[in-house]
file coords_6.txt (compact mmCIF, C-alpha atoms)
# COMPACT_ATOMS: atom_id res chain seq x y z
CA MET X 1 0.00 0.00 0.00
CA ALA X 2 1.68 3.25 -1.19
CA LEU X 3 0.99 6.42 0.75
CA THR X 4 2.45 9.76 -0.13
CA GLU X 5 1.99 10.86 3.47
CA SER X 6 1.54 8.45 6.33
CA PRO X 7 -0.66 9.35 9.29
CA SER X 8 2.38 9.13 11.59
CA TYR X 9 3.72 11.77 13.95
CA GLY X 10 3.61 15.23 12.35
CA ALA X 11 2.17 14.08 8.97
CA VAL X 12 -0.61 16.22 7.44
CA SER X 13 -2.66 15.41 4.36
CA ARG X 14 -2.61 17.75 1.37
CA ARG X 15 -6.32 18.49 1.68
CA ARG X 16 -5.95 19.40 5.33
CA LYS X 17 -3.00 21.70 4.56
CA ASP X 18 -4.91 23.52 1.85
CA GLY X 19 -7.93 23.89 4.15
CA GLY X 20 -5.82 25.40 6.94
CA ARG X 21 -4.10 27.84 4.61
CA ALA X 22 -7.39 28.87 3.05
CA LEU X 23 -8.89 29.50 6.48
CA ILE X 24 -5.95 31.72 7.50
CA ALA X 25 -6.05 33.60 4.20
CA ALA X 26 -9.80 34.23 4.38
CA ALA X 27 -9.61 35.44 7.99
CA SER X 28 -6.64 37.70 7.13
CA VAL X 29 -8.48 39.27 4.20
CA LEU X 30 -11.53 39.85 6.40
CA PHE X 31 -9.46 41.44 9.17
CA VAL X 32 -7.54 43.74 6.81
CA ALA X 33 -10.74 44.77 5.02
CA VAL X 34 -12.52 45.62 8.27
CA ALA X 35 -9.47 47.56 9.56
CA VAL X 36 -9.17 49.58 6.34
CA LEU X 37 -12.89 50.39 6.29
CA GLN X 38 -12.72 51.38 9.95
CA ALA X 39 -9.74 53.68 9.28
CA LEU X 40 -11.50 55.31 6.32
CA ASN X 41 -14.61 55.78 8.46
CA SER X 42 -12.62 57.37 11.30
CA ALA X 43 -10.86 59.70 8.87
CA GLY X 44 -14.17 60.79 7.37
CA VAL X 45 -13.27 59.58 3.88
CA LEU X 46 -15.93 56.85 3.81
CA PRO X 47 -18.68 57.49 6.35
CA LEU X 48 -20.12 54.14 7.40
CA GLY X 49 -21.75 55.19 10.66
CA LEU X 50 -19.30 53.20 12.82
CA LYS X 51 -18.99 54.87 16.21
CA ASP X 52 -15.97 53.03 17.57
CA TRP X 53 -13.32 50.45 16.72
CA ARG X 54 -15.23 47.44 18.01
CA PRO X 55 -15.70 45.90 14.52
CA THR X 56 -11.93 45.83 14.08
CA LEU X 57 -11.52 44.29 17.53
CA TYR X 58 -14.04 41.58 16.73
CA ALA X 59 -12.35 40.94 13.37
CA PHE X 60 -9.01 40.63 15.17
CA LEU X 61 -10.45 38.07 17.59
CA VAL X 62 -11.94 36.07 14.68
CA TRP X 63 -8.59 36.24 12.87
CA SER X 64 -6.74 35.07 16.01
CA VAL X 65 -8.98 32.02 16.40
CA ALA X 66 -8.80 31.24 12.68
CA LEU X 67 -5.01 31.58 12.77
CA GLY X 68 -4.73 29.05 15.59
CA VAL X 69 -7.10 26.57 13.94
CA GLY X 70 -5.47 27.05 10.55
CA MET X 71 -1.99 26.43 11.95
CA VAL X 72 -3.11 23.17 13.54
CA LEU X 73 -4.80 22.06 10.32
CA ALA X 74 -1.89 23.03 8.07
CA ARG X 75 1.05 21.99 10.25
CA GLY X 76 -0.30 19.24 12.46
CA GLU X 77 1.85 18.60 15.52
CA ALA X 78 4.10 21.55 14.71
CA GLY X 79 1.00 23.78 14.68
CA LEU X 80 0.01 22.52 18.12
CA LYS X 81 3.47 23.46 19.42
CA ALA X 82 3.19 26.91 17.84
CA LEU X 83 -0.03 27.50 19.76
CA PHE X 84 2.04 27.91 22.94
CA ILE X 85 3.71 31.07 21.61
CA LEU X 86 0.73 32.31 19.62
CA PRO X 87 -0.96 34.11 22.59
CA ALA X 88 2.22 36.08 23.29
CA ALA X 89 2.55 37.04 19.62
CA LEU X 90 -1.09 38.09 19.43
CA PHE X 91 -0.78 40.09 22.65
CA THR X 92 2.23 41.92 21.18
CA ALA X 93 0.23 42.64 18.03
CA ALA X 94 -2.74 43.89 20.03
CA MET X 95 -0.72 46.04 22.45
CA ALA X 96 1.98 47.38 20.09
CA ILE X 97 1.25 46.91 16.40
CA PHE X 98 -2.46 47.76 16.44
CA PRO X 99 -2.03 51.02 18.45
CA THR X 100 0.77 52.00 16.06
CA LEU X 101 -1.51 51.48 13.06
CA PHE X 102 -4.29 53.35 14.86
CA GLY X 103 -1.89 56.23 15.52
CA LEU X 104 -0.84 56.20 11.88
CA SER X 105 -4.46 56.61 10.82
CA ILE X 106 -4.81 59.62 13.15
CA ALA X 107 -1.58 61.17 11.85
CA PHE X 108 -3.20 61.93 8.50
CA THR X 109 -6.19 63.76 9.97
CA ASP X 110 -6.97 67.27 11.14
CA TRP X 111 -8.15 66.63 14.68
CA ASN X 112 -8.06 69.38 17.26
CA LEU X 113 -9.87 68.74 20.53
CA ALA X 114 -10.66 72.46 20.82
CA SER X 115 -12.61 72.36 17.56
CA PHE X 116 -16.22 71.26 17.15
CA THR X 117 -15.62 69.88 13.65
CA GLY X 118 -14.09 66.63 14.91
CA GLN X 119 -11.68 64.42 13.01
CA LYS X 120 -11.18 65.05 9.28
CA PHE X 121 -8.82 63.46 6.79
CA ASN X 122 -6.29 66.02 5.49
CA GLY X 123 -3.85 63.88 3.50
CA ILE X 124 -0.19 64.85 3.93
CA ASP X 125 -0.88 68.34 5.34
CA ASN X 126 0.46 67.34 8.75
CA LEU X 127 3.63 65.96 7.16
CA LEU X 128 4.17 69.17 5.21
CA GLN X 129 3.62 71.20 8.38
CA LEU X 130 6.19 69.01 10.15
CA VAL X 131 8.79 69.69 7.45
CA ARG X 132 8.25 73.45 7.84
CA ASP X 133 8.13 73.43 11.67
CA PRO X 134 11.38 75.04 12.98
CA PHE X 135 10.55 74.20 16.61
CA TYR X 136 10.32 70.49 15.84
CA TRP X 137 13.69 70.45 14.08
CA ASN X 138 15.15 72.45 16.93
CA ALA X 139 13.97 69.69 19.27
CA MET X 140 15.59 67.11 16.96
CA ARG X 141 18.89 69.00 17.16
CA ASN X 142 18.62 69.09 20.92
CA MET X 143 18.15 65.32 20.92
CA VAL X 144 21.45 64.94 19.05
CA ILE X 145 23.14 66.95 21.80
CA TYR X 146 21.48 64.96 24.57
CA VAL X 147 22.44 61.64 22.92
CA LEU X 148 26.07 62.75 22.60
CA PHE X 149 26.10 63.42 26.34
CA VAL X 150 25.51 59.68 26.82
CA PHE X 151 29.22 59.08 26.19
CA VAL X 152 30.11 61.54 28.97
CA GLU X 153 27.70 59.70 31.27
CA TYR X 154 29.34 56.42 30.26
CA ALA X 155 32.81 57.72 31.13
CA ILE X 156 31.63 58.88 34.57
CA ALA X 157 29.78 55.61 35.17
CA PHE X 158 32.88 53.59 34.20
CA GLY X 159 35.01 55.57 36.63
CA LEU X 160 32.52 54.99 39.44
CA ALA X 161 32.31 51.28 38.59
CA LEU X 162 36.10 50.96 38.76
CA LEU X 163 36.09 52.79 42.09
CA LEU X 164 33.37 50.62 43.60
CA ASN X 165 35.07 47.48 42.31
CA ALA X 166 38.32 48.37 44.07
CA GLU X 167 39.18 47.39 47.60
CA ILE X 168 38.02 50.53 49.40
CA ARG X 169 36.59 51.05 52.85
CA ALA X 170 32.81 50.82 53.24
CA ARG X 171 32.49 49.59 49.66
CA LYS X 172 29.00 48.18 50.18
CA PHE X 173 27.86 51.43 51.77
CA TRP X 174 29.08 53.50 48.84
CA ARG X 175 27.43 51.16 46.37
CA VAL X 176 24.09 51.78 48.04
CA VAL X 177 24.73 55.55 48.15
CA PHE X 178 25.50 55.74 44.45
CA LEU X 179 22.37 53.75 43.62
CA ILE X 180 20.03 56.12 45.49
CA PRO X 181 19.43 58.44 42.46
CA LEU X 182 18.26 55.45 40.44
CA MET X 183 15.54 54.82 43.05
CA LEU X 184 14.12 58.35 42.67
CA SER X 185 11.54 59.45 40.14
CA PRO X 186 12.85 61.95 37.53
CA VAL X 187 9.86 64.16 38.35
CA ALA X 188 10.84 64.16 42.04
CA VAL X 189 14.42 65.06 41.09
CA SER X 190 13.09 67.84 38.86
CA TRP X 191 11.20 69.38 41.77
CA MET X 192 13.96 68.88 44.33
CA VAL X 193 16.76 70.22 42.14
CA GLY X 194 15.30 72.21 39.25
CA LYS X 195 12.35 73.80 41.05
CA SER X 196 13.78 74.09 44.57
CA MET X 197 17.57 74.11 44.79
CA LEU X 198 18.02 76.04 41.51
CA GLU X 199 15.14 78.49 42.08
CA TYR X 200 16.68 81.87 41.20
CA ARG X 201 15.11 83.86 44.09
CA PHE X 202 15.15 81.69 47.19
CA GLY X 203 16.96 78.50 46.16
CA PRO X 204 20.07 77.59 48.17
CA VAL X 205 22.27 77.46 45.08
CA ALA X 206 21.15 80.95 44.01
CA ARG X 207 21.77 82.30 47.53
CA PHE X 208 25.24 80.78 47.54
CA ALA X 209 25.93 82.33 44.13
CA ARG X 210 24.88 85.74 45.45
CA TRP X 211 27.16 85.23 48.44
CA LEU X 212 30.01 84.65 45.99
CA GLY X 213 29.17 87.94 44.26
CA VAL X 214 26.94 86.91 41.36
CA ASN X 215 24.30 89.63 41.02
CA ASN X 216 21.59 87.78 39.09
CA PRO X 217 22.06 84.01 39.29
CA SER X 218 19.67 82.46 36.82
CA PHE X 219 20.22 78.88 35.70
CA PHE X 220 17.69 78.50 32.90
CA THR X 221 17.82 81.75 30.90
CA ASP X 222 20.91 80.99 28.81
CA PRO X 223 20.23 78.19 26.28
CA TRP X 224 23.47 76.26 26.77
CA VAL X 225 23.46 76.64 30.54
CA ALA X 226 19.86 75.44 30.64
CA ARG X 227 20.73 72.41 28.49
CA LEU X 228 23.64 71.57 30.76
CA TRP X 229 21.44 71.69 33.87
CA ILE X 230 18.81 69.47 32.21
CA GLU X 231 21.54 67.02 31.23
CA ALA X 232 23.04 67.16 34.73
CA MET X 233 19.73 66.23 36.36
CA ASP X 234 19.05 63.46 33.85
CA ALA X 235 22.61 62.15 34.22
CA TRP X 236 22.36 62.13 38.02
CA VAL X 237 19.29 59.91 37.78
CA SER X 238 20.60 57.65 35.02
CA ILE X 239 24.34 57.18 35.61
CA PRO X 240 23.77 54.60 38.40
CA PHE X 241 21.98 52.35 35.89
CA VAL X 242 25.01 52.33 33.57
CA MET X 243 27.33 52.03 36.56
CA ILE X 244 25.63 48.91 37.90
CA LEU X 245 25.86 47.20 34.49
CA LEU X 246 29.56 48.01 34.23
CA LEU X 247 30.18 46.96 37.82
CA ALA X 248 28.57 43.59 37.13
CA GLY X 249 30.85 43.19 34.11
CA LEU X 250 33.94 44.07 36.16
CA GLN X 251 33.02 41.56 38.85
CA ALA X 252 32.52 38.83 36.24
CA MET X 253 35.91 39.51 34.65
CA PRO X 254 38.49 36.73 35.27
CA LYS X 255 40.99 37.90 37.88
CA GLU X 256 43.78 35.79 36.38
CA VAL X 257 43.99 38.10 33.35
CA ILE X 258 44.54 41.17 35.54
CA GLU X 259 47.09 39.35 37.67
CA ALA X 260 48.96 38.22 34.55
CA ALA X 261 49.12 41.83 33.34
CA LYS X 262 50.53 42.90 36.70
CA VAL X 263 53.19 40.17 36.55
CA ASP X 264 54.15 41.34 33.04
CA GLY X 265 54.80 44.81 34.49
CA ALA X 266 51.84 46.65 32.98
CA SER X 267 51.05 50.02 34.57
CA PRO X 268 47.53 50.74 35.92
CA TRP X 269 46.72 52.71 32.77
CA GLN X 270 48.03 49.93 30.51
CA ARG X 271 46.02 47.35 32.44
CA PHE X 272 42.89 49.43 31.96
CA TRP X 273 43.36 50.38 28.32
CA GLN X 274 44.81 47.12 27.01
CA VAL X 275 43.08 44.55 29.23
CA ILE X 276 40.05 45.81 31.15
CA PHE X 277 38.52 48.09 28.53
CA PRO X 278 38.63 45.53 25.65
CA LEU X 279 37.19 42.81 27.88
CA MET X 280 34.43 45.18 29.01
CA LEU X 281 33.53 46.24 25.47
CA PRO X 282 30.47 43.93 25.07
CA VAL X 283 29.03 45.13 28.39
CA SER X 284 29.91 48.73 27.53
CA ILE X 285 28.12 48.56 24.17
CA THR X 286 25.03 47.08 25.81
CA ALA X 287 25.00 49.81 28.46
CA ILE X 288 25.48 52.60 25.91
CA VAL X 289 22.77 51.32 23.57
CA LEU X 290 20.28 50.96 26.43
CA ARG X 291 21.15 54.43 27.70
CA ILE X 292 20.70 55.95 24.23
CA ILE X 293 17.27 54.32 23.95
CA PHE X 294 16.26 55.77 27.33
CA LYS X 295 17.73 59.16 26.39
CA LEU X 296 15.59 59.28 23.24
CA LYS X 297 12.53 59.27 25.53
CA LEU X 298 13.75 62.20 27.68
CA ALA X 299 10.76 64.39 28.55
CA ASP X 300 9.71 64.41 32.22
CA ILE X 301 12.57 66.54 33.57
CA ILE X 302 12.23 69.07 30.73
CA ILE X 303 8.45 69.33 31.11
CA THR X 304 8.68 69.83 34.88
CA VAL X 305 11.61 72.28 35.03
CA THR X 306 11.68 74.41 31.86
CA SER X 307 8.70 73.36 29.68
CA GLY X 308 11.16 73.46 26.79
CA GLY X 309 12.41 76.99 27.47
CA PRO X 310 14.07 79.33 27.03
CA GLY X 311 12.59 79.60 23.55
CA GLY X 312 12.67 75.86 22.95
CA ALA X 313 16.39 75.62 23.80
CA THR X 314 15.92 72.61 26.10
CA ASP X 315 13.08 70.93 24.23
CA SER X 316 13.36 67.25 23.45
CA VAL X 317 11.16 65.73 20.78
CA SER X 318 9.05 63.96 23.40
CA SER X 319 8.49 67.12 25.44
CA PHE X 320 7.63 69.09 22.30
CA ILE X 321 5.07 66.46 21.25
CA TYR X 322 3.62 66.45 24.78
CA ARG X 323 3.10 70.21 24.66
CA GLU X 324 1.56 69.93 21.21
CA TYR X 325 -1.09 67.70 22.77
CA ARG X 326 -1.46 69.54 26.09
CA ASP X 327 -1.22 73.19 25.08
CA ARG X 328 -2.66 73.13 21.56
CA SER X 329 -4.90 70.01 21.78
CA ASN X 330 -3.68 69.18 18.28
CA VAL X 331 -4.08 65.40 18.23
CA GLY X 332 -3.63 64.90 14.49
CA TYR X 333 -0.44 66.93 14.11
CA GLY X 334 0.98 65.69 17.42
CA THR X 335 0.46 62.10 16.32
CA MET X 336 2.24 62.81 13.02
CA LEU X 337 5.19 64.19 14.99
CA ALA X 338 5.24 61.04 17.12
CA MET X 339 5.00 58.70 14.12
CA PHE X 340 7.82 60.50 12.32
CA TYR X 341 9.97 60.36 15.46
CA LEU X 342 9.25 56.63 15.77
CA VAL X 343 10.51 56.06 12.23
CA VAL X 344 13.66 58.09 12.97
CA ILE X 345 14.32 56.08 16.15
CA VAL X 346 13.81 52.73 14.41
CA ILE X 347 16.20 53.67 11.58
CA PHE X 348 18.78 55.15 13.95
CA VAL X 349 18.81 52.21 16.38
CA THR X 350 18.89 49.69 13.51
CA LEU X 351 21.90 51.40 11.90
CA LEU X 352 23.59 51.74 15.30
CA LEU X 353 23.19 48.04 16.10
CA LYS X 354 24.40 47.08 12.62
CA PHE X 355 27.48 49.28 12.99
CA LEU X 356 28.27 47.91 16.44
CA ARG X 357 27.84 44.32 15.27
CA LYS X 358 30.30 44.85 12.42
CA HIS X 359 32.73 46.61 14.76
CA MET X 360 32.59 43.75 17.25
CA GLN X 361 33.14 41.18 14.49
CA ARG X 362 36.26 43.01 13.32
CA MET X 363 37.61 43.10 16.86
CA THR X 364 37.05 39.38 17.40

call {"tool": "encode", "arguments": {"input": "coords_6.txt", "output": "structure tokens"}}
result
Amino acid sequence: MALTESPSYGAVSRRRKDGGRALIAAASVLFVAVAVLQALNSAGVLPLGLKDWRPTLYAFLVWSVALGVGMVLARGEAGLKALFILPAALFTAAMAIFPTLFGLSIAFTDWNLASFTGQKFNGIDNLLQLVRDPFYWNAMRNMVIYVLFVFVEYAIAFGLALLLNAEIRARKFWRVVFLIPLMLSPVAVSWMVGKSMLEYRFGPVARFARWLGVNNPSFFTDPWVARLWIEAMDAWVSIPFVMILLLAGLQAMPKEVIEAAKVDGASPWQRFWQVIFPLMLPVSITAIVLRIIFKLKLADIIITVTSGGPGGATDSVSSFIYREYRDRSNVGYGTMLAMFYLVVIVIFVTLLLKFLRKHMQRMT
């Protein structure tokens, strides 16, 4: 008896495969069609009388069930195994991909909460306004400056990690002390430092500056000085995170390598530059990339202390987008700014990781 496919473990008949694939394809077409119609309805291009996004939600649930059934039909035992990771994948799609697509649909509309006209499709008008918006590009330039400061933070964090890894008195105590800023909220730090200590009339730093002879100590009127104070507060909160990663890497480093360098007569600087630093490079790259990603989201300190001032000098992209929502209630344009920034971040981080991967391969 000749069988092209036996009913053994993992075998699936051709008819069953085709049925599973057809089920997935039909459910996918239905889901995409409902989502597109819903987006056109929300933008006002094709009024269908749909009041909310429930039809798309129901279509997504139908597609999820059909996807699971179709995978089992088409792949047999392998499909059953895939069902274990399917809920996590669908949750990611529901919580990340779908809101992104929803935001993209809003980005091409004229929607101001202060207006009674509601949401209207306006094509690429928001994108053209973004290109001509000098304040947005000023915030982008500021983000370049803030990201470059990450390397200064890394140098300080590396020095602290080396210090806390050395045999010093009360080492455990100092480790806890240096971790305290990481336990504080950036908003709390903004109020304690930016709004209280640096207050130009009654703040202790301003009083001390007057005692030294400074007539009008103001810390947030000059653009570069204001940027430096914003960076200082953000660095004070964030350096302990980089420090603890580097400290973990130093503690995991084999001691025999350092001892061998000492026996060979290497100076402390030679041991650091030729032994410790190269061995710490993978941990250093991880810490820097994570810190850059966190820096790209910088907003809370700026919003609390300066609100982007003076004249947008301290604005980050996130704080600028926040004020576009809060102060102008411009949901459509603010969402376009956020979507464009998301694309920039994805491209930048992808190129950065690609460059670092090639650099690490050349070193190894």

call {"tool": "residues_around", "arguments": {"input": "coords_6.txt", "residues": "stretch 183-197 of chain X", "least_positions_apart": "3", "cutoff": "6 Å", "atoms": "all atoms listed in the file", "output": "VMD selection string"}}
result
chain X and resid 180 203 to 205 301 305

call {"tool": "closest_atom_pairs", "arguments": {"input": "coords_6.txt", "of": "stretch 119-202 of chain X", "to": "stretch 207-216 of chain X", "cutoff": "12 Å", "atoms": "all atoms listed in the file", "output": "CSV"}}
result
residue,atom,partner,partner_atom,distance
X:Ser196,CA,X:Arg207,CA,11.8
X:Met197,CA,X:Arg207,CA,9.6
X:Leu198,CA,X:Arg207,CA,9.5
X:Glu199,CA,X:Arg207,CA,9.4
X:Tyr200,CA,X:Asn216,CA,8.0
X:Arg201,CA,X:Arg207,CA,7.7
X:Phe202,CA,X:Arg207,CA,6.7

call {"tool": "atom_distance", "arguments": {"input": "coords_6.txt", "atom1": "atom CA of X:Thr304", "atom2": "atom CA of X:Thr335"}}
result
21.7 Å

call {"tool": "residues_around", "arguments": {"input": "coords_6.txt", "residues": "X:Thr221", "least_positions_apart": "3", "cutoff": "7 Å", "atoms": "only C-alpha atoms", "output": "MDAnalysis selection string"}}
result
chainID X and resid 218 226 310

call {"tool": "residues_around", "arguments": {"input": "coords_6.txt", "residues": "X:Ala27", "least_positions_apart": "5", "cutoff": "9 Å", "atoms": "all atoms listed in the file", "output": "tab-separated table (two decimals) with C-alpha atoms, keeping the file's coordinate frame"}}
result
chain	number	residue	atom	x	y	z
X	22	ALA	CA	-7.39	28.87	3.05
X	32	VAL	CA	-7.54	43.74	6.81
X	59	ALA	CA	-12.35	40.94	13.37
X	60	PHE	CA	-9.01	40.63	15.17
X	62	VAL	CA	-11.94	36.07	14.68
X	63	TRP	CA	-8.59	36.24	12.87
X	64	SER	CA	-6.74	35.07	16.01
X	66	ALA	CA	-8.80	31.24	12.68
X	67	LEU	CA	-5.01	31.58	12.77

call {"tool": "closest_residue", "arguments": {"input": "coords_6.txt", "among": "X:Ile168, X:Met339, X:Val242, X:Leu37", "to": "X:Phe108", "atoms": "only C-alpha atoms"}}
result
X:Met339

call {"tool": "atom_distance", "arguments": {"input": "coords_6.txt", "atom1": "atom CA of X:Lys17", "atom2": "atom CA of X:Ala93"}}
result
25.1 Å

call {"tool": "closest_residue", "arguments": {"input": "coords_6.txt", "among": "X:Phe272, X:Trp236, X:Phe348, X:Trp224", "to": "X:Leu179", "atoms": "all atoms listed in the file"}}
result
X:Trp236

call {"tool": "residues_around", "arguments": {"input": "coords_6.txt", "residues": "stretch 250-257 of chain X", "least_positions_apart": "3", "cutoff": "8 Å", "atoms": "only C-alpha atoms", "output": "list in words"}}
result
Ala161, Leu162, Asn165, Leu246, Leu247, Ala260, Ala261, Val275, Leu279 and Met280 of chain X

call {"tool": "closest_residue", "arguments": {"input": "coords_6.txt", "among": "X:Ile244, X:Met143, X:Leu73, X:Leu90", "to": "X:Leu61", "atoms": "only C-alpha atoms"}}
result
X:Leu90

call {"tool": "build_atoms", "arguments": {"input": "coords_6.txt", "residues": "stretch 271-290 of chain X", "atoms": "N, CA, C and O atoms", "output": "mmCIF file, in the frame of the given file"}}
result
data_model
loop_
_atom_site.group_PDB
_atom_site.id
_atom_site.type_symbol
_atom_site.label_atom_id
_atom_site.label_comp_id
_atom_site.auth_asym_id
_atom_site.auth_seq_id
_atom_site.Cartn_x
_atom_site.Cartn_y
_atom_site.Cartn_z
ATOM 1 N N ARG X 271 46.951 48.431 32.085
ATOM 2 C CA ARG X 271 46.020 47.350 32.440
ATOM 3 C C ARG X 271 44.586 47.730 32.080
ATOM 4 O O ARG X 271 43.814 46.891 31.601
ATOM 5 N N PHE X 272 44.251 49.003 32.298
ATOM 6 C CA PHE X 272 42.890 49.430 31.960
ATOM 7 C C PHE X 272 42.680 49.458 30.456
ATOM 8 O O PHE X 272 41.712 48.881 29.940
ATOM 9 N N TRP X 273 43.587 50.131 29.726
ATOM 10 C CA TRP X 273 43.360 50.380 28.320
ATOM 11 C C TRP X 273 43.563 49.139 27.445
ATOM 12 O O TRP X 273 42.891 48.971 26.438
ATOM 13 N N GLN X 274 44.477 48.268 27.838
ATOM 14 C CA GLN X 274 44.810 47.120 27.010
ATOM 15 C C GLN X 274 44.176 45.820 27.474
ATOM 16 O O GLN X 274 44.150 44.846 26.716
ATOM 17 N N VAL X 275 43.667 45.787 28.712
ATOM 18 C CA VAL X 275 43.080 44.550 29.230
ATOM 19 C C VAL X 275 41.626 44.757 29.642
ATOM 20 O O VAL X 275 40.712 44.119 29.105
ATOM 21 N N ILE X 276 41.392 45.658 30.590
ATOM 22 C CA ILE X 276 40.050 45.810 31.150
ATOM 23 C C ILE X 276 39.072 46.365 30.129
ATOM 24 O O ILE X 276 37.979 45.812 29.932
ATOM 25 N N PHE X 277 39.445 47.446 29.472
ATOM 26 C CA PHE X 277 38.520 48.090 28.530
ATOM 27 C C PHE X 277 38.130 47.164 27.382
ATOM 28 O O PHE X 277 36.934 47.057 27.050
ATOM 29 N N PRO X 278 39.069 46.461 26.717
ATOM 30 C CA PRO X 278 38.630 45.530 25.650
ATOM 31 C C PRO X 278 37.733 44.416 26.157
ATOM 32 O O PRO X 278 36.773 44.033 25.482
ATOM 33 N N LEU X 279 38.034 43.873 27.343
ATOM 34 C CA LEU X 279 37.190 42.810 27.880
ATOM 35 C C LEU X 279 35.807 43.318 28.253
ATOM 36 O O LEU X 279 34.827 42.569 28.219
ATOM 37 N N MET X 280 35.704 44.585 28.615
ATOM 38 C CA MET X 280 34.430 45.180 29.010
ATOM 39 C C MET X 280 33.633 45.718 27.830
ATOM 40 O O MET X 280 32.527 46.227 28.007
ATOM 41 N N LEU X 281 34.176 45.620 26.615
ATOM 42 C CA LEU X 281 33.530 46.240 25.470
ATOM 43 C C LEU X 281 32.113 45.699 25.222
ATOM 44 O O LEU X 281 31.199 46.500 24.959
ATOM 45 N N PRO X 282 31.860 44.386 25.277
ATOM 46 C CA PRO X 282 30.470 43.930 25.070
ATOM 47 C C PRO X 282 29.489 44.505 26.091
ATOM 48 O O PRO X 282 28.381 44.929 25.730
ATOM 49 N N VAL X 283 29.904 44.539 27.372
ATOM 50 C CA VAL X 283 29.030 45.130 28.390
ATOM 51 C C VAL X 283 28.881 46.619 28.163
ATOM 52 O O VAL X 283 27.788 47.180 28.317
ATOM 53 N N SER X 284 29.954 47.284 27.768
ATOM 54 C CA SER X 284 29.910 48.730 27.530
ATOM 55 C C SER X 284 28.955 49.068 26.395
ATOM 56 O O SER X 284 28.161 50.010 26.491
ATOM 57 N N ILE X 285 29.009 48.293 25.311
ATOM 58 C CA ILE X 285 28.120 48.560 24.170
ATOM 59 C C ILE X 285 26.665 48.359 24.576
ATOM 60 O O ILE X 285 25.789 49.165 24.219
ATOM 61 N N THR X 286 26.405 47.309 25.346
ATOM 62 C CA THR X 286 25.030 47.080 25.810
ATOM 63 C C THR X 286 24.536 48.243 26.665
ATOM 64 O O THR X 286 23.412 48.735 26.495
ATOM 65 N N ALA X 287 25.383 48.700 27.587
ATOM 66 C CA ALA X 287 25.000 49.810 28.460
ATOM 67 C C ALA X 287 24.765 51.087 27.669
ATOM 68 O O ALA X 287 23.802 51.820 27.923
ATOM 69 N N ILE X 288 25.619 51.368 26.695
ATOM 70 C CA ILE X 288 25.480 52.600 25.910
ATOM 71 C C ILE X 288 24.220 52.564 25.055
ATOM 72 O O ILE X 288 23.477 53.551 24.977
ATOM 73 N N VAL X 289 23.965 51.424 24.413
ATOM 74 C CA VAL X 289 22.770 51.320 23.570
ATOM 75 C C VAL X 289 21.496 51.483 24.408
ATOM 76 O O VAL X 289 20.567 52.205 24.024
ATOM 77 N N LEU X 290 21.449 50.813 25.558
ATOM 78 C CA LEU X 290 20.280 50.960 26.430
ATOM 79 C C LEU X 290 20.120 52.400 26.893
ATOM 80 O O LEU X 290 19.003 52.936 26.936
#
